[in-house]
Protein chains: 2
Amino acid sequence: MAATIIEVAKLAGVSPATVSRAFGKPDLLSERTRGAVLAAAERLGYTPNRAAKGLVTGKTGNIGILLPDIVNPFYPPVVKGATDRAAAADLSVFLATTELDPRRELTVAREMAKQVDGLVLCATELRDDEVAELAAQCAVVLVNGEKPQLPSVVVDTGPGMLEAVEHLAELGHSRFDYLSGPATSWSNERRMSFLRRQADRLGLRVEVRGPFSPSYDAGTVAADEVLASGASAVIAFDDQMALGVLSRLHELGIDVPGQVSVIGCDDVLPVGMARPALTTVKAPCARLGRAAVEVLLGGATEVRQQSYQGNLVIRDSTGPAVRRRPRGHAAPRPA
Amino acid sequence: MAATIIEVAKLAGVSPATVSRAFGKPDLLSERTRGAVLAAAERLGYTPNRAAKGLVTGKTGNIGILLPDIVNPFYPPVVKGATDRAAAADLSVFLATTELDPRRELTVAREMAKQVDGLVLCATELRDDEVAELAAQCAVVLVNGEKPQLPSVVVDTGPGMLEAVEHLAELGHSRFDYLSGPATSWSNERRMSFLRRQADRLGLRVEVRGPFSPSYDAGTVAADEVLASGASAVIAFDDQMALGVLSRLHELGIDVPGQVSVIGCDDVLPVGMARPALTTVKAPCARLGRAAVEVLLGGATEVRQQSYQGNLVIRDSTGPAVRRRPRGHAAPRPA
DNA sequence: AACCCGTATGCAAACCTTTTCAATGCTGCC
DNA sequence: GGCAGCATTGAAAAGGTTTGCATACGGGTT
């Protein structure tokens, strides 16, 4: 169906090699020939077959993005950043999701590795040696992850989290809860240890609850734990959880920020619409994706880590501390 | 780097053809040979090169999804549905976005068409003949669109919209505004004409405003128009717009649903968190993606349309009608 | 006038796989 | 015992492209 280089060559009265050059190395051809070839190609609707090309060049012109879950609102902006940058470099992008199953992640990654020049691994749960195996096949860059010998692009929540803790301290909170994300999450690990350090430094007490899945529903159950703990403020692993907390709190008639302050992370949803508008640590997701592809483009020769800082966006879900006593048990949850 | 079929053949002491069969048509081989080949392949870490395979079979094992904007929360679930189904069928998926530029859409689609067995075109803005050109190269299925001779999968907002209008009628609203999505949107077109028909039938008056881009920001400006029009209720093209409306109304101190009722469409965001929780017509996005891939899998022989119904989810943003008079001009908008 | 060199193009191999066709060896049957 | 037929495997072509090498031509140099 699709025209081949040979048909174009025939129509233009040249050899296939010439047609190839007209597209690949235009300056090797006389202007006249090139014009004729291009015209013929146009007429036949010809464009080079990437698979065939890849076969001889060893380059596929594709990159792959592997992420846990596209429905997690953190990722669409990352994907957007990546696809935009890839398109600009004339790369096609494969997308696959792991559905949070590490076994599946390896299978999918292996499959992809053979079809792409570069692989973007987001929040991977693969072991070091598994990633190394992939890296032997194609360029690999990690997003929100860290592996020996591999370049990575991460969001540095440090500054934003520091702001958040300081913000809470200023408001008079002496302790807060951190709602942990998935136990295997590198981001969560970093965030948690950073939070501990900073809380220590500022003389606050932090208690970690969880791990929870990064979801709205998990937030609603986490809310009960927070109430039981008696903390006057809570920082959630991501906005979805924070929104869930808000929802449950509202349901229980607990005033936010009057009785409890809530802080989210990422600022990816229109969280300004939450009740109340959510204070959150913004993450530069789109930049992450863009940067990851750029690393791939650069050949990923120098192993280095790029980090992009997030910052605190203060809205209405944080306020002055109020002394509360823990609730023995939460109100009944809806069926 | 990667092992080829030839090296495996050598190691196993057989011909390349045999190795190929060991993977593709295992039952043609004696158990002994197959075992030897598989063992050799294992040792070399060999797996077939898809590009080379595609070159000869004409099948790539890939499908492509083309959509306007991955950051539009309508699409991630669609993509999820599609990738899940594709993975189950051992297909890899290309993802590309058009960024709402029809010229770009054609280029990208052409590029993709050569690398895939099937193409999922979401809310395409391509002309009939352009899509036909693509369909000549590979199977094509439309999501939320309609073209002659092509299968499509759509969300049928009819029932949900009918519920919405009836809901408004019951609440005593005698007129409402519809905030139109992009002028080129097939979904919008359908929704609008359906709304007009039903409003007519039920004796309501509907005024269409816009077109607006399907975004939060567009919603905030649309809100002013609604106020000026004096409508007591408004149905927005999607949830993002509806959220924008809510936000602007809140900013102006207009009570929802006390003074104005607001209905969204899609139910893709955690819109329950909006202030107030948004009444919306739910769309079964994930099913859309799944069904689209299934059509592709089925060979798309019979041209037919599958539609999935949405339904109204009543929350807190709709309430009894109140007579309002149009405001001459809106309050100043924030810088 | 002979020679050299650069420019523009063609030839053919190579990339890796699948598949058609043919060859081999063996089974079972007459 | 000979032959048909099957099961198993190999040889080779094909698929579309890029690229190293060779060729042809024209112009400038000595």
# chains A, B, ... in the order shown; residues from 1 in each chain; ligands from 1
>>> residues_around(residues="Leu106 in chain B", least_positions_apart="6", cutoff="9 Å", atoms="only C-alpha atoms (C1' of nucleotides)", output="PDB file with N, CA and C atoms, in the first residue's frame")
ATOM      1  N   THR B  98      -1.710  16.197  19.660  1.00  0.00           N
ATOM      2  CA  THR B  98      -1.733  17.145  18.542  1.00  0.00           C
ATOM      3  C   THR B  98      -1.573  18.571  19.017  1.00  0.00           C
ATOM      4  N   LEU B 126      -9.193  16.219  11.747  1.00  0.00           N
ATOM      5  CA  LEU B 126      -8.787  15.958  10.370  1.00  0.00           C
ATOM      6  C   LEU B 126     -10.006  15.959   9.448  1.00  0.00           C
ATOM      7  N   GLU B 130      -8.494  13.253   4.640  1.00  0.00           N
ATOM      8  CA  GLU B 130      -7.223  13.020   5.321  1.00  0.00           C
ATOM      9  C   GLU B 130      -7.289  11.733   6.135  1.00  0.00           C
ATOM     10  N   VAL B 131      -8.403  11.566   6.817  1.00  0.00           N
ATOM     11  CA  VAL B 131      -8.563  10.343   7.600  1.00  0.00           C
ATOM     12  C   VAL B 131      -8.624   9.131   6.666  1.00  0.00           C
TER      13      VAL B 131
END
>>> interface_residues(of="chain B", to="chain D", cutoff="7 Å", atoms="only C-alpha atoms (C1' of nucleotides)", output="VMD selection string")
chain B and resid 15 29 to 30 55 to 56
>>> interface_residues(of="chain A", to="chain B", cutoff="6 Å", atoms="only C-alpha atoms", output="ChimeraX atom specification")
/A:51,70-71,76-77,93-95,273-275
>>> write_last_selection(atoms="N, CA and C atoms", output="short mmCIF file (atom, residue, chain, number, x, y, z; two decimals), in the first residue's frame")
data_model
loop_
_atom_site.label_atom_id
_atom_site.label_comp_id
_atom_site.auth_asym_id
_atom_site.auth_seq_id
_atom_site.Cartn_x
_atom_site.Cartn_y
_atom_site.Cartn_z
N ALA A 51 11.01 1.38 10.28
CA ALA A 51 11.48 0.07 10.71
C ALA A 51 12.67 -0.35 9.86
N ILE A 70 -1.04 6.15 34.51
CA ILE A 70 -1.31 7.40 33.80
C ILE A 70 -2.48 8.16 34.42
N VAL A 71 -3.27 7.46 35.20
CA VAL A 71 -4.43 8.13 35.81
C VAL A 71 -4.02 8.92 37.06
N PRO A 76 0.39 12.89 33.71
CA PRO A 76 0.09 13.52 32.43
C PRO A 76 0.98 14.72 32.08
N PRO A 77 1.24 15.60 33.04
CA PRO A 77 2.14 16.70 32.69
C PRO A 77 3.55 16.21 32.35
N VAL A 93 7.02 8.33 20.52
CA VAL A 93 7.13 7.82 21.88
C VAL A 93 6.15 6.71 22.19
N PHE A 94 6.73 5.66 22.77
CA PHE A 94 5.95 4.55 23.31
C PHE A 94 5.57 4.88 24.73
N LEU A 95 4.33 4.54 25.07
CA LEU A 95 3.91 4.73 26.45
C LEU A 95 3.45 3.40 27.01
N MET A 273 -9.78 24.40 43.79
CA MET A 273 -11.21 24.19 43.89
C MET A 273 -11.61 23.37 45.11
N ALA A 274 -10.62 22.84 45.80
CA ALA A 274 -10.96 22.01 46.94
C ALA A 274 -11.62 22.86 48.03
N ARG A 275 -12.21 22.18 48.93
CA ARG A 275 -12.91 22.87 50.02
C ARG A 275 -12.18 22.58 51.30
#
>>> interface_residues(of="chain C", to="chain A", cutoff="10 Å", atoms="only C-alpha atoms (C1' of nucleotides)", output="PyMOL selection string")
chain C and resi 7-11+14-16
>>> select_by_dssp(residues="range 92-155 of chain A", states="alpha helix (DSSP H)", output="JSON, numbers by chain")
{"A": [102, 103, 104, 105, 106, 107, 108, 109, 110, 111, 112, 113, 128, 129, 130, 131, 132, 133, 134, 135, 136, 137]}
>>> atom_distance(atom1="CA of Ser232 in chain A", atom2="CA of Pro257 in chain A")
9.2 Å
>>> select_by_dssp(residues="range 142-174 of chain A", states="strand (DSSP E or B)", output="list in words")
Leu142, Val143, Ser152, Val153, Val154, Val155 and Asp156 of chain A
>>> atom_distance(atom1="CA of Ala233 in chain A", atom2="CA of Ala283 in chain A")
20.8 Å
>>> atom_distance(atom1="CA of Ile6 in chain B", atom2="CA of Val19 in chain B")
8.3 Å
>>> residues_around(residues="range 141-156 of chain A", least_positions_apart="6", cutoff="10 Å", atoms="only C-alpha atoms (C1' of nucleotides)", output="PyMOL selection string")
chain A and resi 65-67+78+118-129+131-132+135+185-188+190-191+266+282-285+287-296+300-311
>>> write_last_selection(atoms="N, CA and C atoms", output="compact mmCIF listing (two decimals), in the first residue's frame")
# COMPACT_ATOMS: atom_id res chain seq x y z
N ILE A 65 8.37 5.61 27.36
CA ILE A 65 8.13 6.12 28.72
C ILE A 65 7.37 5.07 29.49
N LEU A 66 7.90 4.76 30.63
CA LEU A 66 7.29 3.73 31.46
C LEU A 66 6.92 4.37 32.78
N LEU A 67 5.65 4.30 33.12
CA LEU A 67 5.25 4.91 34.39
C LEU A 67 4.21 4.06 35.09
N VAL A 78 4.00 15.20 33.05
CA VAL A 78 5.32 14.64 32.75
C VAL A 78 5.32 14.11 31.32
N GLY A 118 15.86 5.10 23.59
CA GLY A 118 15.98 5.55 24.97
C GLY A 118 14.73 5.25 25.77
N LEU A 119 14.94 5.10 27.05
CA LEU A 119 13.85 4.69 27.92
C LEU A 119 13.79 5.64 29.11
N VAL A 120 12.58 6.15 29.36
CA VAL A 120 12.37 6.99 30.54
C VAL A 120 11.62 6.15 31.57
N LEU A 121 12.28 5.91 32.68
CA LEU A 121 11.68 5.08 33.73
C LEU A 121 11.21 5.97 34.87
N CYS A 122 9.91 6.02 35.05
CA CYS A 122 9.37 6.89 36.10
C CYS A 122 9.10 6.09 37.37
N ALA A 123 9.63 6.58 38.46
CA ALA A 123 9.36 5.98 39.77
C ALA A 123 9.46 4.46 39.70
N THR A 124 10.53 4.01 39.11
CA THR A 124 10.67 2.58 38.88
C THR A 124 10.81 1.80 40.18
N GLU A 125 10.32 0.58 40.16
CA GLU A 125 10.48 -0.29 41.31
C GLU A 125 11.41 -1.44 40.96
N LEU A 126 12.06 -1.32 39.83
CA LEU A 126 12.99 -2.36 39.39
C LEU A 126 14.22 -2.38 40.29
N ARG A 127 14.86 -3.53 40.35
CA ARG A 127 16.09 -3.64 41.12
C ARG A 127 17.24 -3.04 40.31
N ASP A 128 18.32 -2.74 41.00
CA ASP A 128 19.47 -2.15 40.34
C ASP A 128 19.94 -2.99 39.16
N ASP A 129 20.02 -4.29 39.37
CA ASP A 129 20.57 -5.14 38.32
C ASP A 129 19.61 -5.24 37.14
N VAL A 131 17.59 -2.84 36.11
CA VAL A 131 17.74 -1.60 35.36
C VAL A 131 19.05 -1.61 34.58
N ALA A 132 20.07 -2.15 35.20
CA ALA A 132 21.37 -2.23 34.52
C ALA A 132 21.24 -3.06 33.24
N ALA A 135 19.75 -0.93 30.71
CA ALA A 135 20.67 0.13 30.30
C ALA A 135 21.72 -0.40 29.33
N SER A 185 8.40 3.83 47.12
CA SER A 185 8.59 5.06 46.37
C SER A 185 9.84 5.82 46.81
N TRP A 186 10.67 6.08 45.85
CA TRP A 186 11.89 6.83 46.11
C TRP A 186 11.55 8.24 46.57
N SER A 187 10.58 8.86 45.88
CA SER A 187 10.15 10.20 46.24
C SER A 187 9.70 10.25 47.68
N ASN A 188 8.91 9.26 48.04
CA ASN A 188 8.37 9.21 49.39
C ASN A 188 9.50 9.10 50.41
N ARG A 190 12.61 10.02 50.13
CA ARG A 190 13.33 11.29 50.21
C ARG A 190 12.56 12.31 51.02
N ARG A 191 11.30 12.41 50.70
CA ARG A 191 10.46 13.41 51.30
C ARG A 191 10.40 13.18 52.81
N ASP A 266 2.45 18.42 44.98
CA ASP A 266 2.47 18.33 43.52
C ASP A 266 1.74 19.49 42.82
N LYS A 282 4.26 22.62 45.15
CA LYS A 282 4.15 22.46 43.71
C LYS A 282 5.36 21.74 43.13
N ALA A 283 5.11 20.79 42.23
CA ALA A 283 6.21 20.10 41.56
C ALA A 283 6.20 20.46 40.07
N PRO A 284 7.35 20.71 39.51
CA PRO A 284 7.44 21.10 38.10
C PRO A 284 7.42 19.88 37.20
N CYS A 285 6.26 19.24 37.07
CA CYS A 285 6.17 17.96 36.38
C CYS A 285 6.56 18.02 34.91
N ARG A 287 8.45 19.97 33.33
CA ARG A 287 9.88 20.13 33.13
C ARG A 287 10.62 18.81 33.28
N LEU A 288 10.12 18.02 34.18
CA LEU A 288 10.70 16.71 34.43
C LEU A 288 10.74 15.89 33.14
N GLY A 289 9.60 15.82 32.50
CA GLY A 289 9.49 15.04 31.27
C GLY A 289 10.40 15.58 30.19
N ARG A 290 10.36 16.89 30.04
CA ARG A 290 11.18 17.52 29.03
C ARG A 290 12.65 17.23 29.28
N ALA A 291 13.06 17.43 30.51
CA ALA A 291 14.47 17.22 30.85
C ALA A 291 14.89 15.78 30.63
N ALA A 292 14.01 14.86 30.95
CA ALA A 292 14.35 13.45 30.79
C ALA A 292 14.67 13.15 29.33
N VAL A 293 13.82 13.64 28.44
CA VAL A 293 14.06 13.40 27.02
C VAL A 293 15.34 14.08 26.57
N GLU A 294 15.59 15.24 27.13
CA GLU A 294 16.81 15.94 26.74
C GLU A 294 18.05 15.15 27.14
N VAL A 295 18.00 14.55 28.28
CA VAL A 295 19.12 13.71 28.72
C VAL A 295 19.33 12.58 27.70
N LEU A 296 18.24 11.97 27.30
CA LEU A 296 18.31 10.90 26.32
C LEU A 296 18.94 11.40 25.02
N ALA A 300 23.26 10.84 27.15
CA ALA A 300 23.37 10.36 28.52
C ALA A 300 24.79 9.90 28.84
N THR A 301 25.74 10.63 28.31
CA THR A 301 27.13 10.23 28.52
C THR A 301 27.57 10.46 29.96
N GLU A 302 27.40 11.68 30.40
CA GLU A 302 27.81 11.96 31.78
C GLU A 302 26.66 11.54 32.68
N VAL A 303 26.99 10.73 33.61
CA VAL A 303 26.00 10.29 34.59
C VAL A 303 25.79 11.42 35.57
N ARG A 304 24.63 12.03 35.49
CA ARG A 304 24.41 13.05 36.51
C ARG A 304 22.94 13.25 36.80
N GLN A 305 22.71 13.87 37.90
CA GLN A 305 21.34 14.05 38.32
C GLN A 305 20.93 15.51 38.17
N GLN A 306 19.79 15.68 37.54
CA GLN A 306 19.23 17.03 37.47
C GLN A 306 18.06 17.09 38.41
N SER A 307 17.98 18.15 39.18
CA SER A 307 16.80 18.23 40.03
C SER A 307 16.10 19.57 39.85
N TYR A 308 14.80 19.50 39.96
CA TYR A 308 14.00 20.70 39.80
C TYR A 308 13.25 20.95 41.09
N GLN A 309 13.37 22.16 41.59
CA GLN A 309 12.79 22.46 42.89
C GLN A 309 11.30 22.74 42.83
N GLY A 310 10.62 22.26 43.83
CA GLY A 310 9.23 22.64 44.01
C GLY A 310 9.15 23.75 45.04
N ASN A 311 8.02 24.40 45.13
CA ASN A 311 7.89 25.45 46.14
C ASN A 311 6.48 25.43 46.74
>>> residues_around(residues="Gly219 in chain B", least_positions_apart="5", cutoff="10 Å", atoms="only C-alpha atoms (C1' of nucleotides)", output="PyMOL selection string")
chain B and resi 179+212-214+224-225+236-248
>>> closest_residue(among="B:Val322, B:Val206, B:Val226, B:Met161", to="Thr279 in chain B", atoms="only C-alpha atoms")
B:Met161
